[in-house]
Amino acid sequence: MKLVPHSMMMCCLLVFIVCATHVQTAVNAQNQKTSKKDTNTLEGIPEPKMEEIRRIRTAEDWPNPIVLVNSDSFYLVLHVDGERVQAELDLANLEKKLKELKLDRWPLGRVVAVEENGLRSPGDNEKISEKAKEVKQMLELHKVMIELWPSG
């Protein structure tokens with residue numbers, strides 16, 4: 001008689017394991033979709049509008065994000081209501097902020113102006129070059145065109 005309760009318990013345990021595995025598989029699939037969406041956020045922005053980009057001659061006319069590369073950080077520069085607004089960020093937060101920008105912040109398409117800081121202390125050249133390399137790799141990862149501007 002102990003065999004029947006033991007068999008029922010084993011069946012219940014087997015059903016529980018199968019259900020738990022199914023739920024875990026569904027959660028993993030959802031997490032993978034979310035991860036892919038997070039890494040591809042910038043891909044929803046249209047391709048760069050080359051004709052419009054080539055007509056721009058000054059930074060004041062550039063409506064898309066601008067990244068200024070410093071020796072130890074980056075400035076994200078945006079034009080908001082005719083004002084130039086900037087925030088100092090590390091690379092991870094710069095990437096996060098770019099991904100959070102609304103579509104209307106990208107009127108020229110998926111392109112960012114990148115400029116190295118021209119004001120340098122001794123020893124800054126190598127640091128700024130390294131930071132520029134880091135930001136370029138991050139932007140290329142997200143398939144963002146880089147419009148290099150000369151240092152000011």
# chains A, B, ... in the order shown; residues from 1 in each chain; ligands from 1
$ residues_around --residues "stretch 124-128 of chain A" --least-positions-apart "5" --cutoff "10 Å" --atoms "only C-alpha atoms" --output "PDB file with C-alpha atoms, in the first residue's frame"
ATOM      1  CA  VAL A  69      36.151  63.379 -25.893  1.00  0.00           C
ATOM      2  CA  ASN A  70      38.190  64.380 -22.819  1.00  0.00           C
ATOM      3  CA  SER A  71      41.150  62.650 -21.191  1.00  0.00           C
ATOM      4  CA  ASP A  72      39.007  61.026 -18.487  1.00  0.00           C
ATOM      5  CA  SER A  73      35.373  61.389 -19.588  1.00  0.00           C
ATOM      6  CA  PHE A  74      32.986  62.396 -22.354  1.00  0.00           C
ATOM      7  CA  GLU A 116      38.408  65.474 -29.325  1.00  0.00           C
ATOM      8  CA  ASN A 117      38.950  68.216 -26.756  1.00  0.00           C
ATOM      9  CA  GLY A 118      41.560  70.642 -28.103  1.00  0.00           C
ATOM     10  CA  LEU A 119      42.473  72.008 -24.662  1.00  0.00           C
ATOM     11  CA  LYS A 133      39.015  54.802 -29.634  1.00  0.00           C
ATOM     12  CA  GLU A 134      36.626  53.571 -26.901  1.00  0.00           C
TER      13      GLU A 134
END
$ residues_around --residues "A:Arg84" --least-positions-apart "4" --cutoff "12 Å" --atoms "only C-alpha atoms" --output "compact mmCIF listing (two decimals) with N, CA and C atoms, in the first residue's frame"
# COMPACT_ATOMS: atom_id res chain seq x y z
N ALA A 59 28.85 73.87 -35.75
CA ALA A 59 28.29 73.05 -34.66
C ALA A 59 26.89 73.53 -34.27
N GLU A 60 26.64 74.82 -34.41
CA GLU A 60 25.32 75.36 -34.06
C GLU A 60 24.22 74.79 -34.96
N ASP A 61 24.60 74.40 -36.18
CA ASP A 61 23.63 73.85 -37.12
C ASP A 61 23.45 72.34 -36.99
N TRP A 62 24.26 71.70 -36.14
CA TRP A 62 24.21 70.24 -35.98
C TRP A 62 23.12 69.87 -34.98
N PRO A 63 22.04 69.23 -35.41
CA PRO A 63 20.93 68.92 -34.50
C PRO A 63 21.08 67.58 -33.76
N ASN A 64 21.94 66.72 -34.23
CA ASN A 64 22.11 65.40 -33.61
C ASN A 64 23.04 65.49 -32.40
N PRO A 65 23.18 64.38 -31.66
CA PRO A 65 24.10 64.39 -30.52
C PRO A 65 25.54 64.66 -30.94
N ILE A 66 26.26 65.30 -30.04
CA ILE A 66 27.69 65.56 -30.21
C ILE A 66 28.40 64.95 -29.00
N TYR A 75 31.70 64.36 -22.91
CA TYR A 75 30.56 65.26 -22.78
C TYR A 75 29.58 64.89 -23.88
N LEU A 76 28.33 64.69 -23.49
CA LEU A 76 27.25 64.53 -24.46
C LEU A 76 26.62 65.90 -24.61
N VAL A 77 26.65 66.43 -25.82
CA VAL A 77 26.15 67.77 -26.09
C VAL A 77 24.90 67.65 -26.96
N LEU A 78 23.84 68.31 -26.51
CA LEU A 78 22.58 68.35 -27.25
C LEU A 78 22.13 69.79 -27.38
N HIS A 79 21.40 70.08 -28.43
CA HIS A 79 20.79 71.39 -28.59
C HIS A 79 19.32 71.25 -28.19
N VAL A 80 18.93 71.97 -27.14
CA VAL A 80 17.56 71.90 -26.62
C VAL A 80 16.98 73.31 -26.62
$ residues_around --residues "A:Glu43" --least-positions-apart "2" --cutoff "8 Å" --atoms "only C-alpha atoms" --output "list in words"
Asn40, Thr41, Ile45, Pro46, Arg110, His142 and Lys143 of chain A
$ select_by_dssp --residues "stretch 81-131 of chain A" --states "strand (DSSP E)" --output "MDAnalysis selection string"
chainID A and resid 83:89 111:116
$ write_last_selection --atoms "C-alpha atoms" --output "short mmCIF file (atom, residue, chain, number, x, y, z; two decimals), in the first residue's frame"
data_model
loop_
_atom_site.label_atom_id
_atom_site.label_comp_id
_atom_site.auth_asym_id
_atom_site.auth_seq_id
_atom_site.Cartn_x
_atom_site.Cartn_y
_atom_site.Cartn_z
CA GLU A 83 20.39 76.16 -26.01
CA ARG A 84 23.48 73.97 -25.90
CA VAL A 85 23.11 71.45 -23.05
CA GLN A 86 25.92 69.13 -22.04
CA ALA A 87 26.49 66.39 -19.48
CA GLU A 88 29.79 64.85 -18.41
CA LEU A 89 29.58 61.04 -18.53
CA VAL A 111 24.94 59.74 -36.83
CA VAL A 112 26.90 61.36 -33.99
CA ALA A 113 29.51 64.11 -34.24
CA VAL A 114 32.67 63.20 -32.32
CA GLU A 115 35.28 65.80 -31.42
CA GLU A 116 38.41 65.47 -29.32
#
$ select_by_dssp --residues "stretch 84-121 of chain A" --states "helix (DSSP H, G or I)" --output "NGL selection string"
:A and (91-100 or 103-105)
$ write_last_selection --atoms "C-alpha atoms" --output "PDB file, in the first residue's frame"
ATOM      1  CA  LEU A  91      31.431  55.538 -21.470  1.00  0.00           C
ATOM      2  CA  ALA A  92      28.730  53.270 -19.994  1.00  0.00           C
ATOM      3  CA  ASN A  93      26.473  56.203 -19.105  1.00  0.00           C
ATOM      4  CA  LEU A  94      27.111  57.863 -22.460  1.00  0.00           C
ATOM      5  CA  GLU A  95      25.958  54.687 -24.195  1.00  0.00           C
ATOM      6  CA  LYS A  96      22.901  54.504 -21.927  1.00  0.00           C
ATOM      7  CA  LYS A  97      21.965  58.162 -22.563  1.00  0.00           C
ATOM      8  CA  LEU A  98      22.308  57.772 -26.331  1.00  0.00           C
ATOM      9  CA  LYS A  99      20.042  54.721 -26.242  1.00  0.00           C
ATOM     10  CA  GLU A 100      17.471  56.658 -24.194  1.00  0.00           C
ATOM     11  CA  LEU A 103      13.762  59.676 -32.128  1.00  0.00           C
ATOM     12  CA  ASP A 104      13.334  63.452 -32.560  1.00  0.00           C
ATOM     13  CA  ARG A 105      16.898  63.918 -31.215  1.00  0.00           C
TER      14      ARG A 105
END
$ atom_distance --atom1 "atom CA of A:Lys136" --atom2 "atom CA of A:Arg55"
23.1 Å
$ closest_residue --among "A:Leu68, A:Leu108, A:Ile53, A:Val144" --to "A:Ala132" --atoms "only C-alpha atoms"
A:Leu68
$ residues_around --residues "A:Gly109" --least-positions-apart "2" --cutoff "6 Å" --atoms "only C-alpha atoms" --output "MDAnalysis selection string"
chainID A and resid 46:49 106:107 111
